[in-house]
Amino acid sequence: MTIEDIKFVQNFKKITNDAWLKGWHERNGGNITYRLTEEEAVAAKKFINEGSAYTPIGVTVKNLANDYFLVTGSGKFIRNMTVCLEENAGIIKVDEKGENYKIVWGLINGARPTSEITSHLMSHSIKKEKTNGAYRVIMHSHTTNTIALTFVLPLDGKVFTRQLWEMATECPVVFPGGIGIVPWMVPGGAAIAEETGKLMNDHDVVIWAHHGMFCAGESLDLTFGLMDTVEKSAEILVKVLSMGGKKQTITSQNFRDLGKAFKVHISEDYLD
Ligand code: 2HA
Ligand code: ZN
């Protein structure tokens with residue numbers, strides 16, 4: 001038995017490969033992190049080496065103390081996760097104060113966790129608190145059509161939410177919480193992590209202008225599915241705009257009717 005026989009590791013490899021095949025992860029673009037359950041941490045224990053040194057996270061994430069995360073590596077290619085996981089990803093553990101992490105498996109040959117580890121852990125912390133621990137995944141992808149729209153639409157979460165909801169009937173059911181937008185910022189540090197975190201309080205989808213998307217969810221499947229749904233909707237919008245724009249669409253009343261039928265709360269904030 002190896003660590004790769006454990007189900008969460010297999011799921012992680014499948015999702016990274018699916019995301020690569022989608023065209024969302026050129027070169028070393030994008031990163032994915034998964035918070036292990038207690039049972040998964042126990043199952044992985046015999047492969048784990050707790051002896052390594054701690055590194056500061058850059059923000060304090062107290063409610064993640066002693067949690068383990070499977071994370072992609074900095075500068076590593078998502079397309080290579082299925083080729084050799086221990087070279088390209090690893091498991092980290094957060095310390096008792098929620099201020100530092102250490103590598104306890106993988107990331108061999110001096111590799112480090114994703115350059116976006118601060119944004120990931122900040123978002124995990126907020127989602128763990130908000131969902132009573134249900135959310136375990138943060139995924140960052142360079143989704144082509146969503147990025148393209150950040151050059152054309154106003155950088156306003158209400159506009160993005162409404163426009164993308166209109167492009168596919170199931171969108172408001174899949175992301176009723178809408179979308180938050182971070183204006184262009186330098187990636188890879190505490191400042192963009194703080195801005196992303198603020199928006200994660202109310203949204204499962206945060207778009208980084210001219211860069212990509214952050215999605216949060218319960219499982220790897222649901223988070224991938226959310227990313228895929230938003231990006232597909234963005235692709236339809238790019239096509240519609242390229243064909244001269246909407247001639248008819250889903251109305252505010254249609255959305256209210258949809259919310260009632262599917263028993264989801266569609267916020268009036270996004271409707272006329
Ligand atoms: O290259 O996606 O945001 C990794 C990234 C940084
Ligand atoms: Zn990126």
# chains A, B, ... in the order shown; residues from 1 in each chain; ligands from 1

call {"tool": "residues_around", "arguments": {"residues": "Thr161 in chain A", "least_positions_apart": "5", "cutoff": "9 Å", "atoms": "only C-alpha atoms", "output": "ChimeraX atom specification"}}
result
/A:156,166,172,175,177-180,270

call {"tool": "closest_atom_pairs", "arguments": {"of": "chain A", "to": "ligand 2", "cutoff": "7 Å", "atoms": "only C-alpha atoms and all ligand atoms", "output": "Markdown table"}}
result
| residue | atom | partner | partner_atom_place_in_ligand_line | distance |
| --- | --- | --- | --- | --- |
| A:Gly29 | CA | ligand 2 | 1 (Zn) | 5.3 |
| A:Gly30 | CA | ligand 2 | 1 (Zn) | 4.7 |
| A:His140 | CA | ligand 2 | 1 (Zn) | 6.5 |
| A:Ser141 | CA | ligand 2 | 1 (Zn) | 6.4 |
| A:His142 | CA | ligand 2 | 1 (Zn) | 6.0 |
| A:His211 | CA | ligand 2 | 1 (Zn) | 6.0 |
| A:Gly212 | CA | ligand 2 | 1 (Zn) | 6.0 |

call {"tool": "residues_around", "arguments": {"residues": "Trp184 in chain A", "least_positions_apart": "6", "cutoff": "10 Å", "atoms": "only C-alpha atoms", "output": "PyMOL selection string"}}
result
chain A and resi 150+155+192+207-211

call {"tool": "residues_near_ligand", "arguments": {"ligand": "ligand 1", "cutoff": "10 Å", "atoms": "only C-alpha atoms and all ligand atoms", "output": "VMD selection string"}}
result
chain A and resid 24 to 32 72 to 78 114 to 117 119 140 to 142 186 to 189 208 211 to 214

call {"tool": "write_last_selection", "arguments": {"atoms": "N, CA, C and O atoms", "output": "compact mmCIF listing (two decimals), in the first residue's frame"}}
result
# COMPACT_ATOMS: atom_id res chain seq x y z
N TRP A 24 -7.25 24.84 -18.34
CA TRP A 24 -7.23 25.91 -17.34
C TRP A 24 -5.86 26.08 -16.68
O TRP A 24 -5.69 26.93 -15.81
N HIS A 25 -4.90 25.22 -17.04
CA HIS A 25 -3.65 25.19 -16.27
C HIS A 25 -2.41 25.11 -17.15
O HIS A 25 -1.66 24.14 -17.11
N GLU A 26 -2.22 26.15 -17.97
CA GLU A 26 -0.99 26.24 -18.77
C GLU A 26 0.24 26.26 -17.85
O GLU A 26 0.19 26.77 -16.74
N ARG A 27 1.33 25.71 -18.30
CA ARG A 27 2.62 25.74 -17.57
C ARG A 27 2.39 25.47 -16.07
O ARG A 27 1.83 24.45 -15.73
N ASN A 28 2.80 26.42 -15.19
CA ASN A 28 2.58 26.21 -13.75
C ASN A 28 1.35 26.98 -13.25
O ASN A 28 1.23 27.23 -12.06
N GLY A 29 0.47 27.35 -14.17
CA GLY A 29 -0.70 28.15 -13.78
C GLY A 29 -1.68 27.37 -12.91
O GLY A 29 -1.96 26.20 -13.17
N GLY A 30 -2.18 28.04 -11.89
CA GLY A 30 -3.23 27.50 -11.03
C GLY A 30 -2.69 26.61 -9.91
O GLY A 30 -1.54 26.19 -9.93
N ASN A 31 -3.56 26.36 -8.93
CA ASN A 31 -3.17 25.58 -7.75
C ASN A 31 -4.41 25.08 -7.02
O ASN A 31 -5.47 25.71 -7.10
N ILE A 32 -4.27 23.93 -6.36
CA ILE A 32 -5.43 23.28 -5.71
C ILE A 32 -5.00 22.81 -4.32
O ILE A 32 -3.89 22.28 -4.16
N THR A 72 -0.83 21.55 -4.13
CA THR A 72 0.06 21.51 -5.29
C THR A 72 1.29 22.38 -5.00
O THR A 72 1.26 23.24 -4.12
N GLY A 73 2.37 22.13 -5.74
CA GLY A 73 3.64 22.80 -5.44
C GLY A 73 3.85 24.07 -6.24
O GLY A 73 3.33 24.23 -7.36
N SER A 74 4.66 24.97 -5.68
CA SER A 74 5.01 26.22 -6.36
C SER A 74 5.85 25.93 -7.61
O SER A 74 6.82 25.17 -7.54
N GLY A 75 5.46 26.53 -8.72
CA GLY A 75 6.21 26.34 -9.97
C GLY A 75 5.95 25.00 -10.63
O GLY A 75 6.49 24.72 -11.70
N LYS A 76 5.13 24.16 -10.01
CA LYS A 76 4.86 22.83 -10.57
C LYS A 76 3.68 22.89 -11.54
O LYS A 76 2.81 23.75 -11.43
N PHE A 77 3.66 21.95 -12.47
CA PHE A 77 2.64 21.95 -13.51
C PHE A 77 1.48 21.03 -13.10
O PHE A 77 1.71 19.86 -12.76
N ILE A 78 0.26 21.54 -13.17
CA ILE A 78 -0.92 20.72 -12.82
C ILE A 78 -0.94 19.46 -13.70
O ILE A 78 -1.31 18.38 -13.25
N THR A 114 2.36 25.75 -3.17
CA THR A 114 1.93 26.78 -4.12
C THR A 114 2.24 28.21 -3.64
O THR A 114 2.08 28.52 -2.45
N SER A 115 2.61 29.05 -4.59
CA SER A 115 2.88 30.47 -4.28
C SER A 115 1.63 31.17 -3.74
O SER A 115 1.71 32.24 -3.16
N GLU A 116 0.46 30.58 -3.96
CA GLU A 116 -0.80 31.17 -3.48
C GLU A 116 -1.25 30.54 -2.17
O GLU A 116 -2.44 30.61 -1.82
N ILE A 117 -0.32 29.93 -1.42
CA ILE A 117 -0.71 29.22 -0.19
C ILE A 117 -1.43 30.16 0.80
O ILE A 117 -2.35 29.75 1.50
N SER A 119 -3.40 32.83 0.15
CA SER A 119 -4.81 32.99 -0.28
C SER A 119 -5.61 31.72 -0.03
O SER A 119 -6.78 31.77 0.38
N HIS A 140 -7.77 27.22 -7.62
CA HIS A 140 -7.47 28.43 -8.39
C HIS A 140 -7.07 28.01 -9.81
O HIS A 140 -6.13 27.24 -9.98
N SER A 141 -7.81 28.52 -10.81
CA SER A 141 -7.56 28.13 -12.20
C SER A 141 -7.51 29.35 -13.10
O SER A 141 -8.15 30.37 -12.81
N HIS A 142 -6.77 29.22 -14.20
CA HIS A 142 -6.67 30.29 -15.19
C HIS A 142 -7.69 30.01 -16.30
O HIS A 142 -7.33 29.58 -17.41
N VAL A 186 -1.12 42.28 -7.33
CA VAL A 186 0.05 41.40 -7.40
C VAL A 186 -0.34 40.07 -6.75
O VAL A 186 -0.84 40.06 -5.62
N PRO A 187 -0.17 38.95 -7.46
CA PRO A 187 -0.53 37.66 -6.86
C PRO A 187 0.53 37.18 -5.87
O PRO A 187 1.62 37.74 -5.78
N GLY A 188 0.16 36.17 -5.09
CA GLY A 188 1.15 35.45 -4.29
C GLY A 188 1.50 36.04 -2.95
O GLY A 188 2.64 35.93 -2.51
N GLY A 189 0.60 36.68 -2.25
CA GLY A 189 0.97 37.20 -0.93
C GLY A 189 -0.22 37.46 -0.03
O GLY A 189 -1.35 37.07 -0.33
N TRP A 208 -10.27 36.91 -9.95
CA TRP A 208 -9.14 37.85 -9.91
C TRP A 208 -9.04 38.46 -11.31
O TRP A 208 -8.77 37.74 -12.30
N HIS A 211 -6.59 37.56 -14.41
CA HIS A 211 -5.74 36.49 -13.86
C HIS A 211 -6.45 35.14 -13.82
O HIS A 211 -5.97 34.18 -14.40
N GLY A 212 -7.58 35.04 -13.14
CA GLY A 212 -8.22 33.72 -13.04
C GLY A 212 -9.32 33.70 -12.01
O GLY A 212 -9.89 34.73 -11.65
N MET A 213 -9.62 32.50 -11.52
CA MET A 213 -10.76 32.31 -10.62
C MET A 213 -10.34 31.53 -9.38
O MET A 213 -9.46 30.67 -9.46
N PHE A 214 -10.97 31.82 -8.25
CA PHE A 214 -10.86 31.02 -7.03
C PHE A 214 -12.24 30.44 -6.74
O PHE A 214 -13.22 31.19 -6.71

call {"tool": "select_by_dssp", "arguments": {"residues": "range 16-163 of chain A", "states": "strand (DSSP E or B)", "output": "MDAnalysis selection string"}}
result
chainID A and resid 31:35 55:56 68:73 89:94 100:106 113 137:141

call {"tool": "write_last_selection", "arguments": {"atoms": "N, CA and C atoms", "output": "short mmCIF file (atom, residue, chain, number, x, y, z; two decimals), in the first residue's frame"}}
result
data_model
loop_
_atom_site.label_atom_id
_atom_site.label_comp_id
_atom_site.auth_asym_id
_atom_site.auth_seq_id
_atom_site.Cartn_x
_atom_site.Cartn_y
_atom_site.Cartn_z
N ASN A 31 -3.56 26.36 -8.93
CA ASN A 31 -3.17 25.58 -7.75
C ASN A 31 -4.41 25.08 -7.02
N ILE A 32 -4.27 23.93 -6.36
CA ILE A 32 -5.43 23.28 -5.71
C ILE A 32 -5.00 22.81 -4.32
N THR A 33 -5.88 23.03 -3.33
CA THR A 33 -5.58 22.56 -1.97
C THR A 33 -6.82 21.87 -1.39
N TYR A 34 -6.56 20.82 -0.62
CA TYR A 34 -7.62 20.00 -0.03
C TYR A 34 -7.33 19.76 1.45
N ARG A 35 -8.30 20.09 2.33
CA ARG A 35 -8.14 19.87 3.78
C ARG A 35 -8.59 18.45 4.14
N THR A 55 7.41 27.12 8.36
CA THR A 55 7.52 28.34 7.54
C THR A 55 6.32 29.21 7.87
N PRO A 56 6.50 30.56 8.00
CA PRO A 56 5.34 31.42 8.27
C PRO A 56 4.33 31.42 7.10
N TYR A 68 -4.31 19.25 8.30
CA TYR A 68 -3.45 18.80 7.22
C TYR A 68 -4.09 19.15 5.88
N PHE A 69 -3.25 19.56 4.92
CA PHE A 69 -3.74 19.90 3.57
C PHE A 69 -2.88 19.22 2.51
N LEU A 70 -3.53 18.67 1.51
CA LEU A 70 -2.82 18.22 0.30
C LEU A 70 -2.79 19.41 -0.65
N VAL A 71 -1.57 19.81 -1.07
CA VAL A 71 -1.42 21.06 -1.83
C VAL A 71 -0.53 20.84 -3.05
N THR A 72 -0.83 21.55 -4.13
CA THR A 72 0.06 21.51 -5.29
C THR A 72 1.29 22.38 -5.00
N GLY A 73 2.37 22.13 -5.74
CA GLY A 73 3.64 22.80 -5.44
C GLY A 73 3.85 24.07 -6.24
N ALA A 89 3.43 17.77 -5.58
CA ALA A 89 2.46 18.15 -4.55
C ALA A 89 2.94 17.60 -3.22
N GLY A 90 2.26 17.98 -2.15
CA GLY A 90 2.67 17.47 -0.84
C GLY A 90 1.57 17.69 0.18
N ILE A 91 1.80 17.15 1.38
CA ILE A 91 0.88 17.39 2.49
C ILE A 91 1.59 18.32 3.46
N ILE A 92 0.88 19.39 3.88
CA ILE A 92 1.41 20.29 4.89
C ILE A 92 0.55 20.22 6.14
N LYS A 93 1.16 20.58 7.28
CA LYS A 93 0.41 20.67 8.54
C LYS A 93 0.56 22.07 9.10
N VAL A 94 -0.55 22.65 9.55
CA VAL A 94 -0.54 23.98 10.17
C VAL A 94 -0.22 23.80 11.66
N ASN A 100 2.04 29.13 11.11
CA ASN A 100 3.11 28.50 10.32
C ASN A 100 2.63 27.16 9.78
N TYR A 101 3.35 26.69 8.74
CA TYR A 101 3.07 25.33 8.25
C TYR A 101 4.38 24.60 8.06
N LYS A 102 4.29 23.27 8.03
CA LYS A 102 5.47 22.48 7.66
C LYS A 102 5.05 21.39 6.68
N ILE A 103 6.02 20.98 5.84
CA ILE A 103 5.76 19.92 4.86
C ILE A 103 5.95 18.58 5.58
N VAL A 104 4.93 17.71 5.49
CA VAL A 104 5.04 16.42 6.18
C VAL A 104 5.04 15.23 5.22
N TRP A 105 4.74 15.47 3.97
CA TRP A 105 4.86 14.42 2.93
C TRP A 105 5.03 15.10 1.57
N GLY A 106 5.78 14.46 0.68
CA GLY A 106 5.89 14.92 -0.71
C GLY A 106 6.70 16.20 -0.87
N PRO A 113 5.19 24.56 -1.19
CA PRO A 113 3.76 24.65 -1.52
C PRO A 113 3.49 25.81 -2.49
N VAL A 137 -12.19 22.36 0.07
CA VAL A 137 -11.40 22.55 -1.16
C VAL A 137 -11.35 24.02 -1.58
N ILE A 138 -10.14 24.45 -1.97
CA ILE A 138 -9.96 25.73 -2.65
C ILE A 138 -9.22 25.43 -3.95
N MET A 139 -9.74 25.98 -5.04
CA MET A 139 -9.16 25.71 -6.37
C MET A 139 -8.98 27.03 -7.10
N HIS A 140 -7.77 27.22 -7.62
CA HIS A 140 -7.47 28.43 -8.39
C HIS A 140 -7.07 28.01 -9.81
N SER A 141 -7.81 28.52 -10.81
CA SER A 141 -7.56 28.13 -12.20
C SER A 141 -7.51 29.35 -13.10
#

call {"tool": "atom_distance", "arguments": {"atom1": "CA of Leu107 in chain A", "atom2": "CA of Glu129 in chain A"}}
result
28.2 Å

call {"tool": "residues_around", "arguments": {"residues": "Met122 in chain A", "least_positions_apart": "3", "cutoff": "7 Å", "atoms": "only C-alpha atoms", "output": "ChimeraX atom specification"}}
result
/A:61,118-119,125-126,193,197

call {"tool": "closest_residue", "arguments": {"among": "A:Leu85, A:Thr37, A:Gly58, A:Val206", "to": "Gln10 in chain A", "atoms": "only C-alpha atoms"}}
result
A:Leu85

call {"tool": "atom_distance", "arguments": {"atom1": "CA of Phe255 in chain A", "atom2": "CA of Gly157 in chain A"}}
result
17.5 Å

call {"tool": "atom_distance", "arguments": {"atom1": "CA of His203 in chain A", "atom2": "CA of Lys127 in chain A"}}
result
9.7 Å

call {"tool": "closest_residue", "arguments": {"among": "A:Leu153, A:Phe160, A:Asp202, A:Glu170", "to": "Thr131 in chain A", "atoms": "only C-alpha atoms"}}
result
A:Asp202

call {"tool": "residues_around", "arguments": {"residues": "Lys22 in chain A", "least_positions_apart": "6", "cutoff": "10 Å", "atoms": "only C-alpha atoms", "output": "MDAnalysis selection string"}}
result
chainID A and resid 16 143:144 228

call {"tool": "select_by_dssp", "arguments": {"residues": "range 72-120 of chain A", "states": "alpha helix (DSSP H)", "output": "JSON, numbers by chain"}}
result
{"A": [85, 86, 87, 88, 117, 118, 119, 120]}

call {"tool": "residues_around", "arguments": {"residues": "Val264 in chain A", "least_positions_apart": "5", "cutoff": "8 Å", "atoms": "only C-alpha atoms", "output": "number ranges by chain"}}
result
A: 173, 176, 259

call {"tool": "closest_residue", "arguments": {"among": "A:Met1, A:Cys171, A:Ile108, A:Ile57", "to": "Lys232 in chain A", "atoms": "only C-alpha atoms"}}
result
A:Cys171

call {"tool": "closest_residue", "arguments": {"among": "A:Ala111, A:Ile6, A:Val152, A:Cys84", "to": "Phe47 in chain A", "atoms": "only C-alpha atoms"}}
result
A:Ile6

call {"tool": "decode", "arguments": {"residues": "range 48-130 of chain A", "atoms": "C-alpha atoms", "output": "compact mmCIF listing (two decimals), in the first residue's frame"}}
result
# COMPACT_ATOMS: atom_id res chain seq x y z
CA ILE A 48 4.01 11.28 7.17
CA ASN A 49 7.26 12.72 8.56
CA GLU A 50 6.57 15.42 11.17
CA GLY A 51 10.26 16.36 11.52
CA SER A 52 10.57 19.27 9.07
CA ALA A 53 10.89 22.99 9.88
CA TYR A 54 8.01 25.47 10.04
CA THR A 55 7.52 28.34 7.54
CA PRO A 56 5.34 31.42 8.27
CA ILE A 57 1.97 31.47 6.42
CA GLY A 58 1.86 35.30 6.30
CA VAL A 59 -1.59 35.51 7.93
CA THR A 60 -3.08 33.93 11.07
CA VAL A 61 -5.58 31.12 10.48
CA LYS A 62 -6.30 30.01 14.03
CA ASN A 63 -9.16 27.65 13.22
CA LEU A 64 -6.86 25.64 10.92
CA ALA A 65 -4.47 24.76 13.78
CA ASN A 66 -3.14 21.19 13.39
CA ASP A 67 -5.05 20.67 10.11
CA TYR A 68 -3.45 18.80 7.22
CA PHE A 69 -3.74 19.90 3.57
CA LEU A 70 -2.82 18.22 0.30
CA VAL A 71 -1.42 21.06 -1.83
CA THR A 72 0.06 21.51 -5.29
CA GLY A 73 3.64 22.80 -5.44
CA SER A 74 5.01 26.22 -6.36
CA GLY A 75 6.21 26.34 -9.97
CA LYS A 76 4.86 22.83 -10.57
CA PHE A 77 2.64 21.95 -13.51
CA ILE A 78 -0.92 20.72 -12.82
CA ARG A 79 -0.53 18.41 -15.83
CA ASN A 80 2.28 16.59 -13.98
CA MET A 81 0.30 15.78 -10.81
CA THR A 82 -0.70 12.40 -12.20
CA VAL A 83 2.86 11.72 -13.47
CA CYS A 84 4.59 12.01 -10.06
CA LEU A 85 2.57 13.37 -7.18
CA GLU A 86 5.35 13.49 -4.56
CA GLU A 87 7.52 15.69 -6.81
CA ASN A 88 4.68 18.08 -7.64
CA ALA A 89 2.46 18.15 -4.55
CA GLY A 90 2.67 17.47 -0.84
CA ILE A 91 0.88 17.39 2.49
CA ILE A 92 1.41 20.29 4.89
CA LYS A 93 0.41 20.67 8.54
CA VAL A 94 -0.54 23.98 10.17
CA ASP A 95 0.95 24.61 13.65
CA GLU A 96 -0.96 25.13 16.91
CA LYS A 97 -1.10 28.91 16.53
CA GLY A 98 -2.32 28.89 12.91
CA GLU A 99 0.71 30.99 11.93
CA ASN A 100 3.11 28.50 10.32
CA TYR A 101 3.07 25.33 8.25
CA LYS A 102 5.47 22.48 7.66
CA ILE A 103 5.76 19.92 4.86
CA VAL A 104 5.04 16.42 6.18
CA TRP A 105 4.86 14.42 2.93
CA GLY A 106 5.89 14.92 -0.71
CA LEU A 107 7.23 18.14 -2.30
CA ILE A 108 10.51 16.24 -2.62
CA ASN A 109 13.77 17.73 -3.93
CA GLY A 110 13.27 21.04 -2.14
CA ALA A 111 9.85 21.87 -3.62
CA ARG A 112 7.56 24.34 -1.81
CA PRO A 113 3.76 24.65 -1.52
CA THR A 114 1.93 26.78 -4.12
CA SER A 115 2.88 30.47 -4.28
CA GLU A 116 -0.80 31.17 -3.48
CA ILE A 117 -0.71 29.22 -0.19
CA THR A 118 -1.64 32.37 1.78
CA SER A 119 -4.81 32.99 -0.28
CA HIS A 120 -5.70 29.31 -0.07
CA LEU A 121 -5.30 29.03 3.72
CA MET A 122 -7.09 32.34 4.34
CA SER A 123 -10.03 31.15 2.21
CA HIS A 124 -10.01 27.71 3.88
CA SER A 125 -10.13 29.41 7.29
CA ILE A 126 -13.15 31.54 6.35
CA LYS A 127 -15.03 28.68 4.68
CA LYS A 128 -14.31 26.23 7.53
CA GLU A 129 -15.82 28.74 9.97
CA LYS A 130 -18.81 29.62 7.73
